[in-house]
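Below: model-v7.txt (compact mmCIF, C-alpha atoms)
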```txt
# COMPACT_ATOMS: atom_id res chain seq x y z
CA PHE A 576 -8.23 -5.09 -6.40
CA ASP A 577 -10.69 -2.19 -6.11
CA GLN A 578 -13.63 -4.56 -5.44
CA THR A 579 -12.02 -5.26 -2.06
CA PHE A 580 -13.27 -1.86 -0.92
CA VAL A 581 -16.89 -2.40 -2.00
CA LYS A 582 -19.38 -3.70 0.57
CA PRO A 583 -19.93 -7.40 -0.27
CA GLU A 584 -23.25 -9.17 -0.49
CA GLY A 585 -24.32 -10.27 2.99
CA PHE A 586 -21.92 -7.86 4.73
CA SER A 587 -22.27 -7.91 8.52
CA GLU A 588 -19.09 -6.40 10.05
CA LEU A 589 -15.70 -4.88 9.22
CA TRP A 590 -12.49 -4.75 11.23
CA ARG A 591 -9.85 -2.23 10.08
CA GLU A 592 -6.39 -2.02 11.60
CA ARG A 593 -7.62 -4.01 14.58
CA SER A 594 -5.06 -5.23 17.11
CA TYR A 595 -5.48 -8.55 18.89
CA GLU A 596 -3.86 -10.68 21.54
CA ILE A 597 -4.54 -14.36 22.07
CA PHE A 598 -3.04 -17.26 23.99
CA ALA A 599 -2.55 -20.16 21.57
CA ASP A 600 -0.47 -23.33 21.66
CA GLY A 601 1.07 -22.36 24.97
CA SER A 602 2.26 -18.90 23.97
CA TRP A 603 1.03 -15.32 23.83
CA GLU A 604 0.47 -13.94 20.34
CA SER A 605 -0.09 -10.31 19.36
CA GLY A 606 -0.93 -9.00 15.92
CA GLN A 607 -2.89 -6.50 13.90
CA PHE A 608 -5.33 -7.22 11.11
CA ASP A 609 -5.28 -4.77 8.21
CA ARG A 610 -8.85 -5.62 7.18
CA VAL A 611 -11.30 -8.41 8.01
CA VAL A 612 -14.67 -8.52 6.25
CA PHE A 613 -17.45 -10.59 7.78
CA THR A 614 -20.52 -11.81 5.93
CA GLY A 615 -23.52 -13.80 7.03
CA GLU A 616 -24.93 -14.44 10.48
CA GLY A 617 -24.89 -17.34 12.93
CA ALA A 618 -23.80 -20.65 11.42
CA ASP A 619 -23.48 -18.97 8.00
CA ARG A 620 -20.94 -16.38 9.19
CA LYS A 621 -17.69 -16.20 7.20
CA ALA A 622 -14.60 -13.98 7.38
CA VAL A 623 -12.11 -12.85 4.74
CA ILE A 624 -8.80 -11.46 5.98
CA PHE A 625 -7.06 -8.95 3.71
CA ASP A 626 -3.44 -8.04 4.39
CA PHE A 627 -1.74 -5.23 2.47
CA LYS A 628 1.79 -5.88 1.19
CA THR A 629 4.09 -3.26 -0.35
CA ASN A 630 7.05 -5.53 -1.14
CA ALA A 631 9.10 -4.62 -4.20
CA MET A 632 9.41 -6.97 -7.13
CA ARG A 633 12.87 -8.37 -7.77
CA GLN A 634 14.67 -7.40 -10.94
CA GLY A 635 13.39 -9.57 -13.79
CA GLU A 636 10.71 -11.20 -11.61
CA THR A 637 7.43 -11.95 -13.35
CA VAL A 638 4.14 -11.03 -11.72
CA GLY A 639 3.36 -14.72 -11.29
CA ALA A 640 6.69 -15.43 -9.59
CA TYR A 641 6.24 -12.36 -7.37
CA GLU A 642 2.78 -13.49 -6.29
CA THR A 643 4.01 -17.03 -5.59
CA ARG A 644 6.98 -15.74 -3.57
CA LEU A 645 4.78 -13.54 -1.39
CA ARG A 646 2.11 -16.23 -0.96
CA GLU A 647 4.77 -18.62 0.32
CA ALA A 648 6.56 -16.00 2.45
CA TYR A 649 3.41 -14.81 4.20
CA ALA A 650 1.54 -18.13 4.52
CA PRO A 651 2.61 -18.58 8.19
CA GLN A 652 1.47 -15.04 9.09
CA MET A 653 -1.86 -15.55 7.36
CA ALA A 654 -2.33 -18.92 9.08
CA ALA A 655 -1.82 -17.16 12.43
CA TYR A 656 -4.38 -14.52 11.44
CA ARG A 657 -6.89 -17.20 10.48
CA ARG A 658 -6.39 -18.94 13.81
CA ALA A 659 -6.82 -15.62 15.64
CA VAL A 660 -10.09 -14.81 13.83
CA HIS A 661 -11.31 -18.32 14.62
CA MET A 662 -10.41 -17.98 18.31
CA LEU A 663 -11.83 -14.46 18.65
CA THR A 664 -15.12 -15.11 16.85
CA GLY A 665 -15.77 -18.86 16.97
CA ILE A 666 -16.05 -18.97 13.18
CA PRO A 667 -14.75 -22.38 11.99
CA LEU A 668 -11.34 -22.25 10.28
CA ALA A 669 -12.98 -23.65 7.14
CA ASP A 670 -15.00 -20.41 6.96
CA VAL A 671 -12.04 -18.03 7.36
CA SER A 672 -10.07 -17.19 4.22
CA ALA A 673 -6.97 -15.03 3.83
CA LYS A 674 -5.79 -12.89 0.93
CA LEU A 675 -2.82 -10.63 0.25
CA LEU A 676 -3.45 -7.26 -1.38
CA LEU A 677 -0.29 -6.54 -3.35
CA THR A 678 0.00 -2.79 -3.87
CA ARG A 679 2.81 -3.03 -6.47
CA THR A 680 0.72 -5.06 -8.89
CA ARG A 681 -2.74 -4.14 -7.57
CA SER A 682 -3.51 -7.83 -7.36
CA ILE A 683 -5.21 -10.07 -4.82
CA VAL A 684 -3.46 -13.32 -3.94
CA ASP A 685 -5.45 -16.05 -2.26
CA VAL A 686 -3.35 -17.61 0.50
CA TYR A 687 -6.04 -19.66 2.21
CA GLY A 688 -9.39 -20.02 0.49
CA PHE A 689 -12.55 -21.32 2.08
CA VAL A 690 -12.25 -25.05 2.71
CA LYS A 691 -15.04 -27.06 1.09
CA GLN A 692 -16.93 -29.28 3.51
```
How would this structure read if it were set down as structure tokens?
Amino acid sequence: FDQTFVKPEGFSELWRERSYEIFADGSWESGQFDRVVFTGEGADRKAVIFDFKTNAMRQGETVGAYETRLREAYAPQMAAYRRAVHMLTGIPLADVSAKLLLTRTRSIVDVYGFVKQ
């Protein structure tokens, strides 16, 4: 969890609490990224979206079940964020990943990893 706040190898840019607006699939979309870390340059540029979640665990819920529930619940939001980063930067979707930072368990949940090509 804490490694999320350390500058990664190949770091090139950071967005924090950055609002955006795009027109996609015939509708206007607004949102705000908690944190987007960019690495590399040119064709090698990649982005990792981090979204903080403070949701409570349910009574008797295991950490694994909690992580699965939040991954499934927030997958549509993270897909929209990936699309927005792609549209705003031109980075291919395959090079944009998305992770949840769960503050209750101090864990990182991969929602969309980099797609192998």
Kindly provide, as a PyMOL selection string, the polymer residues lying within 6 Å of (-11.6, -4.1, 6.4), counting all atoms listed in the file and using the coordinates exactly as they appear in the file.
-> chain A and resi 589-591+610-612
May I have the residues within 12 Å of A:Leu663 as an MDAnalysis selection string, using only C-alpha atoms and disregarding those fewer than 2 positions away in the same chain?
-> chainID A and resid 593:599 622 656:661 665:668 671
Do you know which residues are at most 9 Å from A:Leu645 counting all atoms listed in the file, after dropping those on the same chain fewer than 3 positions away, and could you put them as a ChimeraX atom specification?
-> /A:628,630,640-642,648-650,675,677,684
Identify, on the basis of only C-alpha atoms, every residue whose closest approach to A:Asp685 does not exceed 9 Å; exclude the query and any residue fewer than 6 positions from it along the same chain; express the result as a PyMOL selection string.
-> chain A and resi 646+672-675
Select, from A:Thr678, A:Gly585, A:Ala655, A:Met662, the residue with the minimum atom-to-atom distance to A:Asp619, counting all atoms listed in the file.
->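 Closest residue, counting all atoms listed in the file: A:Gly585.
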Could you list, as a compact mmCIF listing (two decimals) with C-alpha atoms, in the frame of the given file, every residue within 8 Å of A:Leu676, counting only C-alpha atoms and ignoring same-chain residues fewer than 3 positions away?
```txt
# COMPACT_ATOMS: atom_id res chain seq x y z
CA PHE A 576 -8.23 -5.09 -6.40
CA PHE A 625 -7.06 -8.95 3.71
CA ASP A 626 -3.44 -8.04 4.39
CA PHE A 627 -1.74 -5.23 2.47
CA LYS A 628 1.79 -5.88 1.19
CA ARG A 681 -2.74 -4.14 -7.57
CA SER A 682 -3.51 -7.83 -7.36
CA ILE A 683 -5.21 -10.07 -4.82
CA VAL A 684 -3.46 -13.32 -3.94
```
Could you tell me which of A:Asp600, A:Ile624, A:Asp670, A:Thr664 comes closest to A:Val686 if we count all atoms listed in the file?
->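 Using all atoms listed in the file, the shortest distance to A:Val686 belongs to A:Ile624.
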Point out the residue among A:Ser605, A:Ser587, A:Gln634, A:Thr629 with the least atom-to-atom distance to A:Arg679, counting only C-alpha atoms.
->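 Closest residue, counting only C-alpha atoms: A:Thr629.
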Name the closest residue to A:Gly688 among the candidates A:Gln652, A:Arg633, A:Val623, A:Phe586; distances are taken between atoms, counting all atoms listed in the file.
->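 The closest residue to A:Gly688 is A:Val623.
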Atom CA of A:Arg620 to atom CA of A:Glu588, distance in Å rounded to a single decimal =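 Atom-to-atom, atom CA of A:Arg620 and atom CA of A:Glu588 are spaced 10.2 Å apart.
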State, in Å with one decimal place, the distance from atom CA of A:Gly601 to atom CA of A:Lys621.
->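 One can read the atom CA of A:Gly601 to atom CA of A:Lys621 distance as 26.6 Å.
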Rounded to one decimal in Å, what is the spacing between atom CA of A:Thr680 and atom CA of A:Arg644?
->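 So the answer is 13.5 Å.
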Would you kindly place all heavy atoms on stretch 634-645 of chain A and return the model as a PDB file, in the frame of the given file?
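Result file is result28.pdb:
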```pdb
ATOM      1  N   GLN A 634      14.319  -7.685  -9.555  1.00  0.00           N
ATOM      2  CA  GLN A 634      14.670  -7.400 -10.940  1.00  0.00           C
ATOM      3  C   GLN A 634      14.432  -8.643 -11.796  1.00  0.00           C
ATOM      4  O   GLN A 634      14.899  -9.729 -11.468  1.00  0.00           O
ATOM      5  CB  GLN A 634      16.128  -6.963 -11.048  1.00  0.00           C
ATOM      6  CG  GLN A 634      16.503  -6.493 -12.435  1.00  0.00           C
ATOM      7  CD  GLN A 634      17.888  -5.871 -12.466  1.00  0.00           C
ATOM      8  OE1 GLN A 634      18.548  -5.724 -11.450  1.00  0.00           O
ATOM      9  NE2 GLN A 634      18.321  -5.500 -13.649  1.00  0.00           N
ATOM     10  N   GLY A 635      13.678  -8.483 -12.868  1.00  0.00           N
ATOM     11  CA  GLY A 635      13.390  -9.570 -13.790  1.00  0.00           C
ATOM     12  C   GLY A 635      12.313 -10.530 -13.316  1.00  0.00           C
ATOM     13  O   GLY A 635      11.986 -11.492 -14.019  1.00  0.00           O
ATOM     14  N   GLU A 636      11.737 -10.300 -12.151  1.00  0.00           N
ATOM     15  CA  GLU A 636      10.710 -11.200 -11.610  1.00  0.00           C
ATOM     16  C   GLU A 636       9.384 -10.981 -12.325  1.00  0.00           C
ATOM     17  O   GLU A 636       8.941  -9.845 -12.498  1.00  0.00           O
ATOM     18  CB  GLU A 636      10.557 -10.933 -10.107  1.00  0.00           C
ATOM     19  CG  GLU A 636       9.656 -11.894  -9.383  1.00  0.00           C
ATOM     20  CD  GLU A 636       9.676 -11.677  -7.872  1.00  0.00           C
ATOM     21  OE1 GLU A 636       9.701 -10.504  -7.424  1.00  0.00           O
ATOM     22  OE2 GLU A 636       9.661 -12.668  -7.146  1.00  0.00           O
ATOM     23  N   THR A 637       8.750 -12.061 -12.726  1.00  0.00           N
ATOM     24  CA  THR A 637       7.430 -11.950 -13.350  1.00  0.00           C
ATOM     25  C   THR A 637       6.386 -11.712 -12.268  1.00  0.00           C
ATOM     26  O   THR A 637       6.616 -11.987 -11.086  1.00  0.00           O
ATOM     27  CB  THR A 637       7.056 -13.228 -14.115  1.00  0.00           C
ATOM     28  OG1 THR A 637       6.910 -14.293 -13.172  1.00  0.00           O
ATOM     29  CG2 THR A 637       8.111 -13.580 -15.167  1.00  0.00           C
ATOM     30  N   VAL A 638       5.221 -11.236 -12.672  1.00  0.00           N
ATOM     31  CA  VAL A 638       4.140 -11.030 -11.720  1.00  0.00           C
ATOM     32  C   VAL A 638       3.756 -12.350 -11.055  1.00  0.00           C
ATOM     33  O   VAL A 638       3.554 -12.424  -9.844  1.00  0.00           O
ATOM     34  CB  VAL A 638       2.915 -10.360 -12.397  1.00  0.00           C
ATOM     35  CG1 VAL A 638       1.713 -10.365 -11.466  1.00  0.00           C
ATOM     36  CG2 VAL A 638       3.259  -8.949 -12.837  1.00  0.00           C
ATOM     37  N   GLY A 639       3.696 -13.410 -11.841  1.00  0.00           N
ATOM     38  CA  GLY A 639       3.360 -14.720 -11.290  1.00  0.00           C
ATOM     39  C   GLY A 639       4.364 -15.196 -10.251  1.00  0.00           C
ATOM     40  O   GLY A 639       3.992 -15.721  -9.200  1.00  0.00           O
ATOM     41  N   ALA A 640       5.645 -15.021 -10.539  1.00  0.00           N
ATOM     42  CA  ALA A 640       6.690 -15.430  -9.590  1.00  0.00           C
ATOM     43  C   ALA A 640       6.634 -14.569  -8.329  1.00  0.00           C
ATOM     44  O   ALA A 640       6.837 -15.065  -7.217  1.00  0.00           O
ATOM     45  CB  ALA A 640       8.064 -15.327 -10.253  1.00  0.00           C
ATOM     46  N   TYR A 641       6.362 -13.285  -8.502  1.00  0.00           N
ATOM     47  CA  TYR A 641       6.240 -12.360  -7.370  1.00  0.00           C
ATOM     48  C   TYR A 641       5.083 -12.787  -6.461  1.00  0.00           C
ATOM     49  O   TYR A 641       5.227 -12.879  -5.246  1.00  0.00           O
ATOM     50  CB  TYR A 641       6.009 -10.954  -7.925  1.00  0.00           C
ATOM     51  CG  TYR A 641       5.667  -9.875  -6.943  1.00  0.00           C
ATOM     52  CD1 TYR A 641       6.609  -9.393  -6.048  1.00  0.00           C
ATOM     53  CD2 TYR A 641       4.400  -9.295  -6.938  1.00  0.00           C
ATOM     54  CE1 TYR A 641       6.297  -8.363  -5.158  1.00  0.00           C
ATOM     55  CE2 TYR A 641       4.080  -8.269  -6.066  1.00  0.00           C
ATOM     56  CZ  TYR A 641       5.029  -7.810  -5.173  1.00  0.00           C
ATOM     57  OH  TYR A 641       4.730  -6.787  -4.305  1.00  0.00           O
ATOM     58  N   GLU A 642       3.936 -13.078  -7.066  1.00  0.00           N
ATOM     59  CA  GLU A 642       2.780 -13.490  -6.290  1.00  0.00           C
ATOM     60  C   GLU A 642       3.040 -14.807  -5.563  1.00  0.00           C
ATOM     61  O   GLU A 642       2.692 -14.954  -4.385  1.00  0.00           O
ATOM     62  CB  GLU A 642       1.555 -13.621  -7.201  1.00  0.00           C
ATOM     63  CG  GLU A 642       1.065 -12.287  -7.702  1.00  0.00           C
ATOM     64  CD  GLU A 642      -0.074 -12.388  -8.699  1.00  0.00           C
ATOM     65  OE1 GLU A 642      -0.407 -13.519  -9.140  1.00  0.00           O
ATOM     66  OE2 GLU A 642      -0.631 -11.327  -9.054  1.00  0.00           O
ATOM     67  N   THR A 643       3.679 -15.753  -6.216  1.00  0.00           N
ATOM     68  CA  THR A 643       4.010 -17.030  -5.590  1.00  0.00           C
ATOM     69  C   THR A 643       4.974 -16.835  -4.431  1.00  0.00           C
ATOM     70  O   THR A 643       4.799 -17.414  -3.345  1.00  0.00           O
ATOM     71  CB  THR A 643       4.602 -18.009  -6.620  1.00  0.00           C
ATOM     72  OG1 THR A 643       3.616 -18.267  -7.622  1.00  0.00           O
ATOM     73  CG2 THR A 643       5.034 -19.317  -5.977  1.00  0.00           C
ATOM     74  N   ARG A 644       5.996 -16.005  -4.623  1.00  0.00           N
ATOM     75  CA  ARG A 644       6.980 -15.740  -3.570  1.00  0.00           C
ATOM     76  C   ARG A 644       6.316 -15.155  -2.326  1.00  0.00           C
ATOM     77  O   ARG A 644       6.563 -15.576  -1.200  1.00  0.00           O
ATOM     78  CB  ARG A 644       8.061 -14.794  -4.099  1.00  0.00           C
ATOM     79  CG  ARG A 644       9.098 -14.401  -3.051  1.00  0.00           C
ATOM     80  CD  ARG A 644      10.283 -13.669  -3.661  1.00  0.00           C
ATOM     81  NE  ARG A 644       9.965 -12.444  -4.358  1.00  0.00           N
ATOM     82  CZ  ARG A 644       9.906 -11.237  -3.776  1.00  0.00           C
ATOM     83  NH1 ARG A 644      10.123 -11.099  -2.477  1.00  0.00           N
ATOM     84  NH2 ARG A 644       9.636 -10.164  -4.502  1.00  0.00           N
ATOM     85  N   LEU A 645       5.433 -14.168  -2.541  1.00  0.00           N
ATOM     86  CA  LEU A 645       4.780 -13.540  -1.390  1.00  0.00           C
ATOM     87  C   LEU A 645       3.765 -14.473  -0.735  1.00  0.00           C
ATOM     88  O   LEU A 645       3.647 -14.501   0.493  1.00  0.00           O
ATOM     89  CB  LEU A 645       4.144 -12.220  -1.796  1.00  0.00           C
ATOM     90  CG  LEU A 645       5.138 -11.135  -2.213  1.00  0.00           C
ATOM     91  CD1 LEU A 645       4.433  -9.817  -2.439  1.00  0.00           C
ATOM     92  CD2 LEU A 645       6.255 -10.959  -1.208  1.00  0.00           C
TER      93      LEU A 645
END
```
